[in-house]
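Colleague: I'm passing along structure.tsv; it holds TSV, C-alpha atoms.
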```tsv
chain	number	residue	atom	x	y	z
A	1	MET	CA	10.63	-1.55	-3.77
A	2	ASN	CA	7.12	-2.93	-3.55
A	3	SER	CA	6.19	-0.89	-0.49
A	4	LEU	CA	4.21	1.48	-2.72
A	5	ARG	CA	2.39	-1.36	-4.42
A	6	SER	CA	1.05	-3.66	-1.73
A	7	PRO	CA	0.31	-3.03	1.92
A	8	GLY	CA	2.31	-6.12	2.92
A	9	SER	CA	4.16	-4.20	5.59
A	10	GLY	CA	0.84	-3.23	7.15
A	11	ARG	CA	1.41	0.43	6.28
A	12	LYS	CA	-1.48	2.24	4.62
A	13	ILE	CA	-0.78	3.06	0.98
A	14	PRO	CA	-0.94	6.86	0.72
A	15	ARG	CA	-3.42	8.38	-1.72
A	16	THR	CA	-0.89	9.43	-4.29
A	17	ILE	CA	-1.10	10.33	-7.93
A	18	VAL	CA	1.64	10.36	-10.54
A	19	ILE	CA	1.52	13.31	-12.95
A	20	ILE	CA	3.39	13.09	-16.24
A	21	PRO	CA	3.34	16.12	-18.57
A	22	ALA	CA	3.86	15.01	-22.15
A	23	HIS	CA	4.32	16.78	-25.45
A	24	ASN	CA	4.93	14.51	-28.46
A	25	GLU	CA	6.30	11.67	-26.35
A	26	ALA	CA	4.71	8.80	-28.27
A	27	SER	CA	7.99	6.91	-28.40
A	28	ASP	CA	8.40	6.66	-24.62
A	29	ILE	CA	5.09	7.34	-22.88
A	30	GLY	CA	3.81	3.76	-22.91
A	31	ARG	CA	6.98	2.35	-21.40
A	32	VAL	CA	7.21	5.13	-18.77
A	33	ILE	CA	3.61	4.47	-17.64
A	34	ALA	CA	4.22	0.71	-17.55
A	35	GLU	CA	7.28	1.23	-15.36
A	36	VAL	CA	5.33	3.38	-12.90
A	37	ARG	CA	2.51	0.84	-12.74
A	38	GLU	CA	5.03	-1.90	-12.13
A	39	VAL	CA	6.46	-0.15	-9.09
A	40	THR	CA	3.35	1.47	-7.62
A	41	ALA	CA	-0.40	1.12	-7.51
A	42	PHE	CA	-0.82	4.87	-7.88
A	43	PRO	CA	-3.07	6.20	-10.62
A	44	VAL	CA	-1.10	7.81	-13.44
A	45	VAL	CA	-2.30	11.04	-15.02
A	46	VAL	CA	-0.75	12.05	-18.31
A	47	VAL	CA	-1.34	15.68	-19.17
A	48	ASP	CA	-1.08	15.79	-22.92
A	49	ASP	CA	0.33	19.20	-23.78
A	50	ALA	CA	-1.34	19.53	-27.22
A	51	SER	CA	0.73	16.77	-28.81
A	52	SER	CA	0.48	16.29	-32.54
A	53	ASP	CA	1.43	12.60	-32.34
A	54	ASP	CA	-0.33	9.66	-30.67
A	55	THR	CA	0.79	10.46	-27.13
A	56	ARG	CA	-2.71	10.69	-25.69
A	57	GLU	CA	-4.03	7.51	-27.31
A	58	LEU	CA	-0.94	5.55	-26.26
A	59	ALA	CA	-1.19	6.91	-22.72
A	60	ARG	CA	-4.84	5.87	-22.51
A	61	SER	CA	-4.15	2.41	-23.80
A	62	ALA	CA	-1.32	2.07	-21.26
A	63	GLY	CA	-3.90	2.64	-18.54
A	64	ALA	CA	-3.33	6.29	-17.70
A	65	ILE	CA	-5.94	8.95	-17.11
A	66	VAL	CA	-5.41	11.57	-19.82
A	67	ILE	CA	-6.04	15.27	-19.41
A	68	PRO	CA	-5.84	16.68	-22.94
A	69	LEU	CA	-4.76	20.31	-23.25
A	70	SER	CA	-6.08	21.94	-26.40
A	71	VAL	CA	-3.38	24.62	-26.48
A	72	GLN	CA	0.26	23.98	-25.60
A	73	LEU	CA	0.96	25.49	-22.18
A	74	GLY	CA	4.48	24.20	-21.61
A	75	ALA	CA	5.64	21.70	-19.00
A	76	TRP	CA	4.63	23.76	-15.99
A	77	GLY	CA	1.14	24.56	-17.33
A	78	ALA	CA	0.64	20.84	-17.94
A	79	ILE	CA	1.90	19.88	-14.49
A	80	GLN	CA	-0.39	22.47	-12.92
A	81	ALA	CA	-3.37	20.93	-14.73
A	82	GLY	CA	-2.35	17.63	-13.13
A	83	LEU	CA	-2.05	19.28	-9.71
A	84	ARG	CA	-5.52	20.78	-10.14
A	85	TYR	CA	-6.81	17.31	-10.92
A	86	ALA	CA	-5.05	15.96	-7.80
A	87	LEU	CA	-6.61	18.71	-5.70
A	88	SER	CA	-10.09	18.14	-7.13
A	89	ARG	CA	-9.83	14.42	-6.32
A	90	ASN	CA	-8.37	15.10	-2.87
A	91	PHE	CA	-5.10	13.22	-3.33
A	92	GLU	CA	-2.66	13.47	-0.44
A	93	TYR	CA	0.49	13.40	-2.53
A	94	ALA	CA	1.43	14.11	-6.11
A	95	VAL	CA	4.52	12.87	-7.91
A	96	THR	CA	5.66	14.73	-11.01
A	97	MET	CA	7.97	13.07	-13.47
A	98	ASP	CA	9.09	13.51	-17.07
A	99	ALA	CA	7.69	11.47	-19.95
A	100	ASP	CA	11.04	10.91	-21.64
A	101	GLY	CA	12.27	8.13	-19.36
A	102	GLN	CA	14.80	10.27	-17.48
A	103	HIS	CA	13.04	9.74	-14.18
A	104	GLU	CA	13.03	6.15	-13.00
A	105	ALA	CA	9.94	4.87	-11.25
A	106	GLY	CA	12.24	2.71	-9.16
A	107	SER	CA	13.34	5.85	-7.30
A	108	LEU	CA	9.80	6.58	-6.09
A	109	PRO	CA	9.97	4.68	-2.78
A	110	ALA	CA	13.10	6.64	-1.81
A	111	MET	CA	11.49	9.90	-2.96
A	112	MET	CA	8.35	9.24	-0.92
A	113	GLN	CA	10.32	8.43	2.23
A	114	PRO	CA	10.92	11.99	3.54
A	115	ILE	CA	7.28	12.90	2.88
A	116	LEU	CA	5.78	9.81	4.50
A	117	GLU	CA	8.04	10.29	7.51
A	118	LYS	CA	6.84	13.92	7.68
A	119	ARG	CA	10.39	15.25	7.44
A	120	ALA	CA	9.49	17.30	4.38
A	121	ASP	CA	6.53	18.57	2.37
A	122	ILE	CA	8.33	18.29	-0.94
A	123	SER	CA	11.08	15.98	-2.06
A	124	ILE	CA	13.15	16.65	-5.15
A	125	GLY	CA	14.90	13.90	-7.04
A	126	CYS	CA	18.38	15.25	-7.60
A	127	CYS	CA	21.08	14.07	-9.88
A	128	THR	CA	23.77	16.70	-9.72
A	129	ARG	CA	26.24	14.45	-11.49
A	130	ARG	CA	24.26	14.76	-14.71
A	131	GLY	CA	24.46	17.55	-17.11
A	132	SER	CA	26.86	19.55	-19.14
A	133	ARG	CA	29.12	22.29	-17.90
A	134	LEU	CA	26.46	24.70	-19.16
A	135	ARG	CA	23.82	23.14	-16.91
A	136	LYS	CA	26.17	23.16	-13.90
A	137	PHE	CA	27.09	26.77	-14.50
A	138	ALA	CA	23.36	27.61	-14.67
A	139	TRP	CA	22.64	25.80	-11.40
A	140	GLY	CA	25.50	27.54	-9.62
A	141	LEU	CA	24.41	30.96	-10.79
A	142	MET	CA	20.76	30.35	-9.91
A	143	LYS	CA	21.60	29.06	-6.46
A	144	GLY	CA	23.84	32.03	-5.81
A	145	VAL	CA	21.29	34.62	-6.87
A	146	SER	CA	18.14	32.98	-5.51
A	147	GLY	CA	19.53	31.89	-2.15
A	148	LEU	CA	17.67	28.60	-2.57
A	149	THR	CA	19.45	25.43	-1.50
A	150	PRO	CA	17.97	22.42	-3.35
A	151	ASP	CA	20.81	20.81	-5.24
A	152	ASP	CA	18.94	20.27	-8.47
A	153	LEU	CA	16.79	23.35	-8.99
A	154	THR	CA	15.61	22.30	-12.42
A	155	SER	CA	14.62	18.72	-11.64
A	156	GLY	CA	11.01	17.96	-12.53
A	157	PHE	CA	11.09	14.72	-10.50
A	158	ARG	CA	9.30	15.77	-7.35
A	159	VAL	CA	6.82	14.66	-4.70
A	160	TYR	CA	4.43	17.25	-3.27
A	161	ASP	CA	2.22	16.89	-0.22
A	162	GLN	CA	-1.29	18.32	-0.07
A	163	ARG	CA	-0.22	21.75	1.24
A	164	ALA	CA	2.19	22.09	-1.64
A	165	ILE	CA	-0.43	20.88	-4.13
A	166	LYS	CA	-2.88	23.50	-2.85
A	167	ALA	CA	-0.29	26.28	-3.09
A	168	LEU	CA	0.77	25.32	-6.61
A	169	ALA	CA	-2.69	24.71	-8.04
A	170	GLY	CA	-3.62	28.35	-7.43
A	171	ARG	CA	-3.95	31.21	-9.87
A	172	GLU	CA	-0.71	32.89	-8.80
A	173	ALA	CA	1.34	29.85	-9.80
A	174	THR	CA	-0.19	29.90	-13.29
A	175	LEU	CA	2.03	32.86	-14.15
A	176	LEU	CA	5.15	30.72	-13.85
A	177	GLU	CA	6.86	29.25	-16.91
A	178	TYR	CA	8.94	26.45	-15.41
A	179	GLN	CA	8.72	24.06	-12.50
A	180	ASP	CA	11.85	25.34	-10.79
A	181	VAL	CA	12.94	28.50	-9.02
A	182	GLY	CA	9.55	30.26	-9.17
A	183	VAL	CA	7.81	27.20	-7.78
A	184	LEU	CA	10.45	26.83	-5.07
A	185	PHE	CA	10.02	30.46	-4.06
A	186	MET	CA	6.27	29.92	-3.70
A	187	LEU	CA	6.81	26.85	-1.56
A	188	GLN	CA	9.37	28.71	0.51
A	189	ARG	CA	6.88	31.51	1.13
A	190	GLU	CA	4.31	28.97	2.29
A	191	GLY	CA	6.84	27.78	4.86
A	192	LEU	CA	7.09	24.28	3.38
A	193	ASN	CA	10.13	22.07	3.82
A	194	ILE	CA	12.04	20.69	0.87
A	195	GLU	CA	14.39	17.73	0.93
A	196	ASP	CA	16.72	16.56	-1.80
A	197	VAL	CA	16.88	12.87	-2.58
A	198	GLU	CA	19.80	11.69	-4.69
A	199	VAL	CA	18.52	9.57	-7.58
A	200	GLU	CA	19.89	8.10	-10.76
A	201	MET	CA	18.88	9.81	-13.99
A	202	PRO	CA	19.78	7.98	-17.18
A	203	PRO	CA	20.12	10.02	-20.35
A	204	ARG	CA	16.77	10.79	-22.00
A	205	ASN	CA	15.65	8.17	-24.48
A	206	SER	CA	14.50	10.64	-27.09
A	207	GLY	CA	13.86	14.29	-27.62
A	208	ILE	CA	15.82	17.16	-26.18
A	209	SER	CA	15.72	19.18	-22.99
A	210	ARG	CA	13.15	21.96	-23.26
A	211	ILE	CA	15.62	24.32	-21.63
A	212	PHE	CA	19.18	23.17	-22.21
A	213	HIS	CA	19.09	22.57	-25.94
A	214	SER	CA	20.41	25.83	-27.36
A	215	TRP	CA	22.23	28.93	-26.22
A	216	THR	CA	19.19	31.07	-27.07
A	217	SER	CA	16.80	29.06	-24.92
A	218	VAL	CA	19.35	28.85	-22.11
A	219	GLY	CA	19.84	32.62	-22.38
A	220	PHE	CA	16.11	33.28	-22.12
A	221	TYR	CA	15.75	30.76	-19.30
A	222	MET	CA	18.66	32.25	-17.33
A	223	ALA	CA	17.46	35.84	-17.77
A	224	TYR	CA	13.91	34.82	-16.77
A	225	THR	CA	15.11	32.87	-13.75
A	226	LEU	CA	17.54	35.52	-12.58
A	227	LEU	CA	14.81	38.15	-12.79
A	228	LEU	CA	12.50	35.92	-10.74
A	229	SER	CA	15.29	35.24	-8.26
A	230	LEU	CA	16.08	38.92	-7.82
A	231	THR	CA	12.45	40.00	-7.46
A	232	LYS	CA	11.13	37.18	-5.32
A	233	ARG	CA	14.12	36.34	-3.16
A	234	GLN	CA	13.27	36.48	0.50
A	235	ARG	CA	15.61	38.02	3.03
A	236	LYS	CA	16.19	34.73	4.82
A	237	ALA	CA	16.02	31.65	2.68
A	238	ARG	CA	14.45	28.92	4.73
A	239	LEU	CA	15.06	26.03	2.42
B	1	MET	CA	0.19	74.70	-42.91
B	2	ILE	CA	1.71	72.16	-40.48
B	3	PRO	CA	-0.94	72.83	-37.77
B	4	LEU	CA	-3.60	72.14	-40.38
B	5	ILE	CA	-2.01	68.83	-41.45
B	6	THR	CA	-1.48	67.57	-37.88
B	7	GLY	CA	-4.96	68.79	-36.90
B	8	VAL	CA	-6.59	66.97	-39.82
B	9	LEU	CA	-4.52	63.82	-39.08
B	10	GLY	CA	-5.71	63.90	-35.47
B	11	VAL	CA	-9.36	64.30	-36.46
B	12	ILE	CA	-9.07	61.45	-39.01
B	13	THR	CA	-7.45	59.21	-36.38
B	14	ALA	CA	-10.21	60.01	-33.88
B	15	ALA	CA	-12.91	59.36	-36.48
B	16	THR	CA	-11.28	56.04	-37.48
B	17	ILE	CA	-11.26	54.94	-33.87
B	18	LEU	CA	-14.94	55.83	-33.45
B	19	VAL	CA	-15.76	53.78	-36.58
B	20	LEU	CA	-13.71	50.84	-35.25
B	21	ILE	CA	-15.64	50.95	-31.97
B	22	ARG	CA	-18.96	51.28	-33.81
B	23	ARG	CA	-18.15	48.19	-35.91
B	24	ASP	CA	-17.08	46.22	-32.81
B	25	HIS	CA	-13.48	45.88	-33.99
B	26	LEU	CA	-12.19	47.78	-30.98
B	27	HIS	CA	-13.40	47.31	-27.43
B	28	ALA	CA	-14.75	50.62	-26.11
B	29	ARG	CA	-12.50	50.49	-23.03
B	30	TYR	CA	-9.38	50.49	-25.23
B	31	GLY	CA	-10.98	52.99	-27.59
B	32	LEU	CA	-11.14	55.57	-24.77
B	33	TRP	CA	-7.34	55.81	-24.65
B	34	TRP	CA	-6.99	56.14	-28.41
B	35	VAL	CA	-9.80	58.67	-28.78
B	36	GLY	CA	-8.10	60.72	-26.05
B	37	ALA	CA	-4.76	60.40	-27.78
B	38	ALA	CA	-6.21	61.33	-31.17
B	39	PHE	CA	-7.99	64.41	-29.82
B	40	ALA	CA	-4.85	65.48	-27.97
B	41	PHE	CA	-2.92	65.01	-31.21
B	42	ALA	CA	-5.49	67.08	-33.13
B	43	LEU	CA	-5.71	69.88	-30.56
B	44	LEU	CA	-1.95	70.18	-30.16
B	45	GLY	CA	-1.59	70.05	-33.93
B	46	ILE	CA	-4.02	72.93	-34.36
B	47	PHE	CA	-2.70	74.91	-31.38
B	48	PRO	CA	1.05	74.18	-31.30
B	49	TRP	CA	1.73	77.30	-29.24
B	50	VAL	CA	0.45	75.35	-26.19
B	51	PHE	CA	3.66	73.33	-26.28
B	52	ASP	CA	5.79	76.40	-26.84
B	53	GLU	CA	4.27	77.99	-23.71
B	54	LEU	CA	4.62	74.75	-21.73
B	55	ALA	CA	8.25	74.37	-22.83
B	56	VAL	CA	9.06	77.90	-21.68
B	57	PHE	CA	7.27	77.22	-18.38
B	58	LEU	CA	9.22	74.00	-17.81
B	59	GLY	CA	12.49	75.48	-18.97
B	60	VAL	CA	12.84	73.25	-22.05
B	61	ALA	CA	14.77	75.16	-24.71
B	62	TYR	CA	13.35	73.32	-27.74
B	63	ALA	CA	9.58	72.70	-27.54
B	64	PRO	CA	9.40	69.69	-29.96
B	65	VAL	CA	11.71	67.76	-27.62
B	66	LEU	CA	9.11	68.20	-24.87
B	67	ALA	CA	6.38	66.92	-27.17
B	68	LEU	CA	8.44	63.89	-28.17
B	69	MET	CA	9.42	63.14	-24.59
B	70	LEU	CA	5.80	63.28	-23.40
B	71	ALA	CA	4.73	61.09	-26.32
B	72	ILE	CA	7.41	58.50	-25.49
B	73	ILE	CA	6.46	58.49	-21.80
B	74	LEU	CA	2.78	57.97	-22.64
B	75	LEU	CA	3.60	55.23	-25.16
B	76	VAL	CA	5.82	53.39	-22.67
B	77	LEU	CA	3.06	53.60	-20.05
B	78	LYS	CA	0.53	52.31	-22.55
B	79	ILE	CA	2.78	49.37	-23.53
B	80	LEU	CA	3.37	48.55	-19.87
B	81	VAL	CA	-0.39	48.51	-19.22
B	82	MET	CA	-0.82	46.30	-22.29
B	83	ASP	CA	1.73	43.79	-20.97
B	84	LEU	CA	-0.02	43.79	-17.58
B	85	GLU	CA	-3.26	42.97	-19.35
B	86	ARG	CA	-1.51	40.34	-21.47
B	87	SER	CA	-0.18	38.70	-18.30
B	88	ARG	CA	-3.66	38.63	-16.79
B	89	ASN	CA	-5.12	37.25	-20.02
B	90	GLN	CA	-2.40	34.60	-20.23
B	91	VAL	CA	-3.36	33.38	-16.76
B	92	LYS	CA	-7.04	33.29	-17.74
B	93	ILE	CA	-6.32	31.38	-20.97
B	94	SER	CA	-4.01	28.89	-19.26
B	95	ARG	CA	-6.52	28.16	-16.53
B	96	LEU	CA	-9.33	27.82	-19.04
B	97	VAL	CA	-7.29	25.39	-21.15
B	98	GLN	CA	-6.50	23.38	-18.02
B	99	ARG	CA	-10.13	23.41	-16.99
B	100	ILE	CA	-11.34	22.27	-20.42
B	101	GLY	CA	-8.85	19.39	-20.24
B	102	LEU	CA	-10.10	18.41	-16.78
B	103	LEU	CA	-13.73	18.61	-17.90
B	104	GLU	CA	-13.00	16.64	-21.07
B	105	ASN	CA	-11.53	13.88	-18.95
B	106	ASP	CA	-14.63	13.90	-16.71
B	107	LEU	CA	-16.91	13.90	-19.74
B	108	ARG	CA	-15.08	10.98	-21.30
B	109	ALA	CA	-15.34	9.01	-18.03
B	110	LEU	CA	-19.06	9.80	-17.84
B	111	GLN	CA	-19.66	8.75	-21.43
B	112	LYS	CA	-17.72	5.54	-20.85
B	113	MET	CA	-19.93	4.77	-17.83
B	114	GLN	CA	-23.00	5.27	-19.97
B	115	GLY	CA	-21.54	3.08	-22.71
B	116	LYS	CA	-21.37	5.94	-25.19
B	117	GLU	CA	-18.61	6.73	-27.65
B	118	PRO	CA	-16.54	9.71	-26.50
B	119	GLY	CA	-16.71	12.81	-28.64
B	120	PRO	CA	-17.19	14.96	-30.60
B	121	TYR	CA	-14.17	16.77	-29.16
B	122	GLY	CA	-11.29	15.44	-31.19
B	123	ARG	CA	-7.93	17.09	-31.43
B	124	ASP	CA	-8.71	19.08	-34.55
B	125	GLU	CA	-11.74	20.80	-33.09
B	126	LEU	CA	-9.73	21.93	-30.09
B	127	GLN	CA	-6.48	22.96	-31.69
B	128	ASP	CA	-7.63	26.49	-32.32
```
For the file at hand, write its structure as structure tokens.

Modeller:
Amino acid sequence: MNSLRSPGSGRKIPRTIVIIPAHNEASDIGRVIAEVREVTAFPVVVVDDASSDDTRELARSAGAIVIPLSVQLGAWGAIQAGLRYALSRNFEYAVTMDADGQHEAGSLPAMMQPILEKRADISIGCCTRRGSRLRKFAWGLMKGVSGLTPDDLTSGFRVYDQRAIKALAGREATLLEYQDVGVLFMLQREGLNIEDVEVEMPPRNSGISRIFHSWTSVGFYMAYTLLLSLTKRQRKARL
Amino acid sequence: MIPLITGVLGVITAATILVLIRRDHLHARYGLWWVGAAFAFALLGIFPWVFDELAVFLGVAYAPVLALMLAIILLVLKILVMDLERSRNQVKISRLVQRIGLLENDLRALQKMQGKEPGPYGRDELQD
């Protein structure tokens, strides 16, 4: 567990940054940052997505670097700001995780494993057991249409290596709305390898899923994702 | 009578667009399209027989249908171009917002190093 905190094993600690996009997450952000800092020595960047509560002040006082967005860009826009920060500071790896406590910092060592062992460029924390029938139906449909194979296409708990960070920090990726199928297609096109890592995901402490909270938003999300899948699908999925 | 009304409407539209450009309410590059459209509207209003001739030439039995169809095609094209521009602008805005956030973080760090109070870039100033 502590392998990401102290170099006791003699292994060099990788230059890694943890990126947490947050929009009105004052109730959880402090605890989430504390948990990450307990498990790792990695700097934590909170990208405050134009919150109207005290998210940014609480994140700062919990010891995080805060990138404040003046206009709400959505989760992906916030994550991309974090990836741009990672690129500008030359970090080797970037972890993205949610601010609502769904992603446990304790899973980070397992998530980093495939990347540090050079088996993959991206690892995705999957928890396919979670979710309603609606979410499972959405996953099945998206996998079928896109031809992508990661088990949890919508998981925002990911580790990217520097090639992936470079690809995703670019202008082309700014057009995306979510950190899922569109991002995976980009990574696929770059010839990067993705590995799923099964992790536990407790129910969110507060707030609601940005996608799976109403039929309307699910409808928009599915139509958007299916259109992306149909237009960007490659002949031979390499994931 | 109808050619006169449509002709006058076209000329008024064209004049309005020129005024909007003159007062800097409309960017000249977008004004070009609308001036063109307004003049076309005025000319075809004054000389409607052009469409009658064109309809006969193209084998369209009822000339107004041709006019409506062409208008719809042009409008759809215009809306498509607008959405392309909107997409490009969205990317520019998003990247600018990200960049301001990154710079604000750098600025805050710099001010902290110099022992200064961060600001004046509070939330309210940046919300718009």

Colleague: Which residue is closest to chain B? Choose from A:Leu187, A:Met201, A:Met111, A:Val45 and count all atoms listed in the file.

Modeller: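 Answer, going by the shortest atom-to-atom distance: A:Val45.
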
Colleague: Residues near Leu9 (chain B), anyone? I mean within 7 Å using only C-alpha atoms, not counting same-chain ones fewer than 4 positions away, as a ChimeraX atom specification.

Modeller: /B:5,13,42

Colleague: In Å, how far is it from CA of Val50 (chain B) to CA of Ile73 (chain B)?

Modeller: 18.4 Å

Colleague: Taking all atoms listed in the file into account, which of A:Ser107, A:Thr174, A:Thr16, A:Ser51 comes nearest chain B?

Modeller: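 The shortest atom-to-atom distance to chain B comes from A:Thr174.
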
Colleague: So which residues touch Gly36 (chain B) within 9 Å, counting all atoms listed in the file, skipping near sequence neighbours fewer than 5 positions away, as an NGL selection string?

Modeller: :B and (14 or 31 or 41)

Colleague: Go ahead and compute the interatomic distance for CA of Phe39 (chain B) and CA of Leu70 (chain B), in Å to one decimal.

Modeller: 15.3 Å

Colleague: Return the single residue from A:Leu108, A:Val39, A:Ala169, A:Val183 that is closest to chain B, with distances computed using all atoms listed in the file.

Modeller: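 When distances to chain B are compared using all atoms listed in the file, the smallest one comes from A:Ala169.
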
Colleague: Please check the contacts: residues of chain A at most 9 Å away from chain B, using only C-alpha atoms, listed as a list in words.

Modeller: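 Listed by rising number, the hits are Val47, Asp48, Ala50, Ser52, Ile65, Val66, Ile67, Pro68, Leu69, Ser70, Val71, Gln72, Leu73, Gly77, Ala78, Gln80, Ala81, Gly82, Arg84, Tyr85, Arg171, Glu172, Thr174 and Leu175 of chain A.
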
Colleague: I'd like to know which of A:Leu148, A:Cys127, A:Ala110, A:Ala41 is closest to Gly182 (chain A), using all atoms listed in the file.

Modeller: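 So, comparing all the options, the nearest one is A:Leu148.
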
Colleague: With 12 Å as the threshold, what does the neighbourhood of (17.6, 23.2, -4.8) contain in terms of residues, counting all atoms listed in the file? Coordinates are those of the file; answer as JSON, numbers by chain.

Modeller: {"A": [122, 123, 124, 125, 126, 127, 128, 139, 140, 141, 142, 143, 144, 146, 147, 148, 149, 150, 151, 152, 153, 154, 155, 156, 158, 179, 180, 181, 182, 183, 184, 185, 187, 188, 193, 194, 195, 196, 197, 198, 237, 238, 239]}

Colleague: Enter the distance from CA of Ala105 (chain A) to CA of Val36 (chain A), in Å, rounded to one decimal.

Modeller: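 So the two atoms, CA of Ala105 (chain A) and CA of Val36 (chain A), lie 5.1 Å apart.
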
Colleague: Grab all the atoms of region 41-49 of chain A that the file lists, wrap them in a box along x, y and z, add 6 Å per side, and give me centre plus edge lengths in Å (one decimal) as lines of an AutoDock Vina configuration file.

Modeller:
```
center_x = -1.4
center_y = 10.2
center_z = -15.6
size_x = 15.4
size_y = 30.1
size_z = 28.3
```

Colleague: Env of Ala99 (chain A): 9 Å cut, atoms = all atoms listed in the file, seq-sep filter 3 positions within chain, self excluded. Answer as a PDB file with C-alpha atoms, in the frame of the given file.

Modeller:
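Here's the written file part-v2.pdb:
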```pdb
ATOM      1  CA  ILE A  20       3.390  13.090 -16.240  1.00  0.00           C
ATOM      2  CA  PRO A  21       3.340  16.120 -18.570  1.00  0.00           C
ATOM      3  CA  ALA A  22       3.860  15.010 -22.150  1.00  0.00           C
ATOM      4  CA  HIS A  23       4.320  16.780 -25.450  1.00  0.00           C
ATOM      5  CA  GLU A  25       6.300  11.670 -26.350  1.00  0.00           C
ATOM      6  CA  ASP A  28       8.400   6.660 -24.620  1.00  0.00           C
ATOM      7  CA  ILE A  29       5.090   7.340 -22.880  1.00  0.00           C
ATOM      8  CA  VAL A  32       7.210   5.130 -18.770  1.00  0.00           C
ATOM      9  CA  ILE A  33       3.610   4.470 -17.640  1.00  0.00           C
ATOM     10  CA  VAL A  46      -0.750  12.050 -18.310  1.00  0.00           C
ATOM     11  CA  GLN A 102      14.800  10.270 -17.480  1.00  0.00           C
ATOM     12  CA  HIS A 103      13.040   9.740 -14.180  1.00  0.00           C
TER      13      HIS A 103
END
```

Colleague: List the spatial neighbours of Val11 (chain B) as a list in words - criterion: any atom at most 12 Å away, all atoms listed in the file, same-chain residues fewer than 5 positions off excluded.

Modeller: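 Residues near the query, excluding close chain neighbours: Leu4, Ile5, Thr6, Thr16, Ile17, Leu18, Trp34, Val35, Gly36, Ala37, Ala38, Phe39, Ala40, Phe41, Ala42, Leu43, Leu44, Gly45 and Ile46 of chain B.
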
Colleague: Can I get the selected residues back with C-alpha atoms, as a compact mmCIF listing (two decimals), in the frame of the given file?

Modeller:
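Done, and the output landed in out.txt:
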```
# COMPACT_ATOMS: atom_id res chain seq x y z
CA LEU B 4 -3.60 72.14 -40.38
CA ILE B 5 -2.01 68.83 -41.45
CA THR B 6 -1.48 67.57 -37.88
CA THR B 16 -11.28 56.04 -37.48
CA ILE B 17 -11.26 54.94 -33.87
CA LEU B 18 -14.94 55.83 -33.45
CA TRP B 34 -6.99 56.14 -28.41
CA VAL B 35 -9.80 58.67 -28.78
CA GLY B 36 -8.10 60.72 -26.05
CA ALA B 37 -4.76 60.40 -27.78
CA ALA B 38 -6.21 61.33 -31.17
CA PHE B 39 -7.99 64.41 -29.82
CA ALA B 40 -4.85 65.48 -27.97
CA PHE B 41 -2.92 65.01 -31.21
CA ALA B 42 -5.49 67.08 -33.13
CA LEU B 43 -5.71 69.88 -30.56
CA LEU B 44 -1.95 70.18 -30.16
CA GLY B 45 -1.59 70.05 -33.93
CA ILE B 46 -4.02 72.93 -34.36
```

Colleague: From the options A:Thr96, A:Gln162, A:Ser217, A:Asn90, which residue's atoms come nearest to Ala120 (chain A), counting only C-alpha atoms?

Modeller: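 Ranking A:Thr96, A:Gln162, A:Ser217, A:Asn90 by distance to Ala120 (chain A), first place goes to A:Gln162.
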
Colleague: Find, counting only C-alpha atoms, the residue in A:Ile79, A:Ile17, A:Pro114, A:Ala164 that gets nearest to Asp98 (chain A).

Modeller: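 That would be A:Ile79, the residue with the smallest distance to Asp98 (chain A).
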
Colleague: Could you list, as a PyMOL selection string, every residue within 6 Å of Ala64 (chain A), counting all atoms listed in the file and ignoring same-chain residues fewer than 3 positions away?

Modeller: chain A and resi 44-45+59-60
